[in-house]
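Everything below belongs to coords.txt, which stores compact mmCIF, N, CA and C atoms.
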# COMPACT_ATOMS: atom_id res chain seq x y z
N MET A 203 0.85 -1.19 0.00
CA MET A 203 0.00 0.00 0.00
C MET A 203 0.90 1.26 0.00
N LEU A 204 0.51 2.25 -0.76
CA LEU A 204 1.27 3.49 -0.87
C LEU A 204 1.06 4.37 0.35
N LYS A 205 2.17 4.77 0.98
CA LYS A 205 2.08 5.69 2.11
C LYS A 205 1.91 7.11 1.55
N ILE A 206 0.91 7.82 2.04
CA ILE A 206 0.64 9.17 1.56
C ILE A 206 1.48 10.17 2.37
N THR A 207 2.67 10.43 1.86
CA THR A 207 3.55 11.43 2.45
C THR A 207 3.18 12.80 1.88
N LEU A 208 3.77 13.84 2.42
CA LEU A 208 3.53 15.18 1.89
C LEU A 208 3.97 15.26 0.43
N GLU A 209 5.06 14.64 0.09
CA GLU A 209 5.53 14.67 -1.30
C GLU A 209 4.55 13.98 -2.23
N VAL A 210 4.00 12.86 -1.82
CA VAL A 210 2.98 12.16 -2.62
C VAL A 210 1.73 13.03 -2.73
N ALA A 211 1.33 13.65 -1.63
CA ALA A 211 0.15 14.52 -1.63
C ALA A 211 0.33 15.67 -2.62
N LYS A 212 1.51 16.24 -2.69
CA LYS A 212 1.77 17.33 -3.63
C LYS A 212 1.59 16.88 -5.07
N VAL A 213 2.04 15.68 -5.38
CA VAL A 213 1.86 15.13 -6.74
C VAL A 213 0.38 14.94 -7.04
N LEU A 214 -0.36 14.39 -6.08
CA LEU A 214 -1.80 14.18 -6.26
C LEU A 214 -2.54 15.51 -6.44
N ILE A 215 -2.17 16.51 -5.64
CA ILE A 215 -2.79 17.83 -5.75
C ILE A 215 -2.53 18.42 -7.13
N HIS A 216 -1.30 18.31 -7.58
CA HIS A 216 -0.95 18.85 -8.91
C HIS A 216 -1.79 18.17 -10.00
N ALA A 217 -1.91 16.85 -9.94
CA ALA A 217 -2.69 16.12 -10.94
C ALA A 217 -4.17 16.52 -10.87
N ALA A 218 -4.69 16.66 -9.67
CA ALA A 218 -6.10 17.06 -9.53
C ALA A 218 -6.33 18.47 -10.06
N GLU A 219 -5.39 19.37 -9.81
CA GLU A 219 -5.55 20.74 -10.32
C GLU A 219 -5.48 20.76 -11.85
N LEU A 220 -4.58 20.01 -12.43
CA LEU A 220 -4.51 19.96 -13.90
C LEU A 220 -5.83 19.45 -14.48
N ARG A 221 -6.40 18.42 -13.87
CA ARG A 221 -7.66 17.87 -14.38
C ARG A 221 -8.79 18.87 -14.21
N ALA A 222 -8.83 19.56 -13.08
CA ALA A 222 -9.86 20.58 -12.86
C ALA A 222 -9.76 21.67 -13.92
N ARG A 223 -8.55 22.08 -14.24
CA ARG A 223 -8.37 23.11 -15.27
C ARG A 223 -8.86 22.61 -16.63
N GLU A 224 -8.59 21.33 -16.95
CA GLU A 224 -9.09 20.75 -18.20
C GLU A 224 -10.61 20.80 -18.24
N LEU A 225 -11.24 20.58 -17.09
CA LEU A 225 -12.70 20.57 -17.00
C LEU A 225 -13.29 21.97 -16.88
N GLY A 226 -12.42 22.97 -16.67
CA GLY A 226 -12.89 24.35 -16.55
C GLY A 226 -13.55 24.65 -15.22
N ILE A 227 -13.14 23.96 -14.17
CA ILE A 227 -13.72 24.18 -12.85
C ILE A 227 -12.63 24.50 -11.84
N ALA A 228 -13.03 25.12 -10.73
CA ALA A 228 -12.11 25.38 -9.63
C ALA A 228 -12.51 24.46 -8.48
N GLU A 229 -11.52 23.89 -7.82
CA GLU A 229 -11.78 22.93 -6.76
C GLU A 229 -11.03 23.27 -5.48
N VAL A 230 -11.55 22.74 -4.40
CA VAL A 230 -10.79 22.63 -3.16
C VAL A 230 -10.42 21.16 -3.07
N ILE A 231 -9.13 20.88 -2.99
CA ILE A 231 -8.62 19.51 -3.04
C ILE A 231 -8.11 19.14 -1.65
N ALA A 232 -8.57 18.02 -1.13
CA ALA A 232 -8.11 17.54 0.17
C ALA A 232 -7.54 16.13 -0.02
N ILE A 233 -6.39 15.89 0.57
CA ILE A 233 -5.74 14.59 0.50
C ILE A 233 -5.73 13.99 1.90
N VAL A 234 -6.21 12.75 1.98
CA VAL A 234 -6.20 12.01 3.25
C VAL A 234 -5.49 10.68 3.03
N ASP A 235 -5.00 10.09 4.11
CA ASP A 235 -4.37 8.77 4.00
C ASP A 235 -5.43 7.67 4.10
N ASP A 236 -5.00 6.42 4.07
CA ASP A 236 -5.96 5.31 4.07
C ASP A 236 -6.74 5.20 5.37
N GLY A 237 -6.31 5.87 6.42
CA GLY A 237 -7.05 5.90 7.66
C GLY A 237 -7.98 7.10 7.77
N GLY A 238 -8.02 7.92 6.71
CA GLY A 238 -8.87 9.11 6.71
C GLY A 238 -8.24 10.30 7.40
N ASN A 239 -6.94 10.21 7.70
CA ASN A 239 -6.24 11.31 8.36
C ASN A 239 -5.80 12.35 7.33
N PHE A 240 -6.05 13.60 7.66
CA PHE A 240 -5.72 14.72 6.77
C PHE A 240 -4.22 14.80 6.53
N VAL A 241 -3.84 14.98 5.27
CA VAL A 241 -2.43 15.13 4.91
C VAL A 241 -2.18 16.52 4.35
N ALA A 242 -3.02 16.97 3.39
CA ALA A 242 -2.79 18.28 2.76
C ALA A 242 -4.08 18.74 2.07
N SER A 243 -4.14 20.06 1.81
CA SER A 243 -5.24 20.60 1.03
C SER A 243 -4.74 21.74 0.16
N HIS A 244 -5.56 22.06 -0.83
CA HIS A 244 -5.21 23.12 -1.78
C HIS A 244 -6.51 23.75 -2.29
N ARG A 245 -6.58 25.04 -2.27
CA ARG A 245 -7.76 25.74 -2.78
C ARG A 245 -7.37 26.53 -4.02
N MET A 246 -8.00 26.19 -5.14
CA MET A 246 -7.76 26.93 -6.37
C MET A 246 -8.46 28.30 -6.28
N ASP A 247 -7.94 29.28 -6.99
CA ASP A 247 -8.59 30.60 -7.03
C ASP A 247 -10.04 30.43 -7.50
N HIS A 248 -10.93 31.18 -6.88
CA HIS A 248 -12.35 31.21 -7.22
C HIS A 248 -13.11 29.93 -6.87
N ALA A 249 -12.49 29.08 -6.07
CA ALA A 249 -13.20 27.85 -5.65
C ALA A 249 -14.08 28.15 -4.45
Encoded form using structure tokens:
Amino acid sequence: MLKITLEVAKVLIHAAELRARELGIAEVIAIVDDGGNFVASHRMDHA
């Protein structure tokens, strides 16, 4: 199982933001680990 470190969370956030931009939407992105523990979040402008 992949451990969700801050570095992994940053990669996931980047991928989610790119996809949101492709879809033309702004998102608030939250990353949690497999236990549901908060790791990181990112708020796009105008989200």
Task: Contact residues around Val234 (chain A) with only C-alpha atoms at 9 Å, ignoring same-chain residues under 6 positions, as a VMD selection string - done: chain A and resid 206 211 240 to 243
Open item on the list: If you run DSSP on the backbone here, which positions in chain A get strand (DSSP E or B)? Please write them as a PyMOL selection string.
Closed with: chain A and resi 230-234+240-245
Hey, can you spit out that residue selection with N, CA and C atoms as a short mmCIF file (atom, residue, chain, number, x, y, z; two decimals), keeping the file's coordinate frame?
data_model
loop_
_atom_site.label_atom_id
_atom_site.label_comp_id
_atom_site.auth_asym_id
_atom_site.auth_seq_id
_atom_site.Cartn_x
_atom_site.Cartn_y
_atom_site.Cartn_z
N VAL A 230 -11.55 22.74 -4.40
CA VAL A 230 -10.79 22.63 -3.16
C VAL A 230 -10.42 21.16 -3.07
N ILE A 231 -9.13 20.88 -2.99
CA ILE A 231 -8.62 19.51 -3.04
C ILE A 231 -8.11 19.14 -1.65
N ALA A 232 -8.57 18.02 -1.13
CA ALA A 232 -8.11 17.54 0.17
C ALA A 232 -7.54 16.13 -0.02
N ILE A 233 -6.39 15.89 0.57
CA ILE A 233 -5.74 14.59 0.50
C ILE A 233 -5.73 13.99 1.90
N VAL A 234 -6.21 12.75 1.98
CA VAL A 234 -6.20 12.01 3.25
C VAL A 234 -5.49 10.68 3.03
N PHE A 240 -6.05 13.60 7.66
CA PHE A 240 -5.72 14.72 6.77
C PHE A 240 -4.22 14.80 6.53
N VAL A 241 -3.84 14.98 5.27
CA VAL A 241 -2.43 15.13 4.91
C VAL A 241 -2.18 16.52 4.35
N ALA A 242 -3.02 16.97 3.39
CA ALA A 242 -2.79 18.28 2.76
C ALA A 242 -4.08 18.74 2.07
N SER A 243 -4.14 20.06 1.81
CA SER A 243 -5.24 20.60 1.03
C SER A 243 -4.74 21.74 0.16
N HIS A 244 -5.56 22.06 -0.83
CA HIS A 244 -5.21 23.12 -1.78
C HIS A 244 -6.51 23.75 -2.29
N ARG A 245 -6.58 25.04 -2.27
CA ARG A 245 -7.76 25.74 -2.78
C ARG A 245 -7.37 26.53 -4.02
#
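Taking chain A and asking which residues DSSP calls alpha helix (DSSP H) on the backbone, you get Leu208, Glu209, Val210, Ala211, Lys212, Val213, Leu214, Ile215, His216, Ala217, Ala218, Glu219, Leu220, Arg221, Ala222, Arg223, Glu224 and Leu225 of chain A.
Among the candidate residues A:Ala249, A:Ile227, A:Asp235, A:Arg221, the one lying nearest to Lys205 (chain A) is A:Asp235, with distances computed using only N, CA and C atoms.
CA of Met203 (chain A) is found 27.0 Å from CA of Arg245 (chain A).
The space separating CA of Met246 (chain A) from CA of Glu209 (chain A) comes to 18.8 Å.
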Open item on the list: One decimal, in Å: what's the spacing between atom N of Val210 (chain A) and CA of Asn239 (chain A)?
Closed with: 14.5 Å
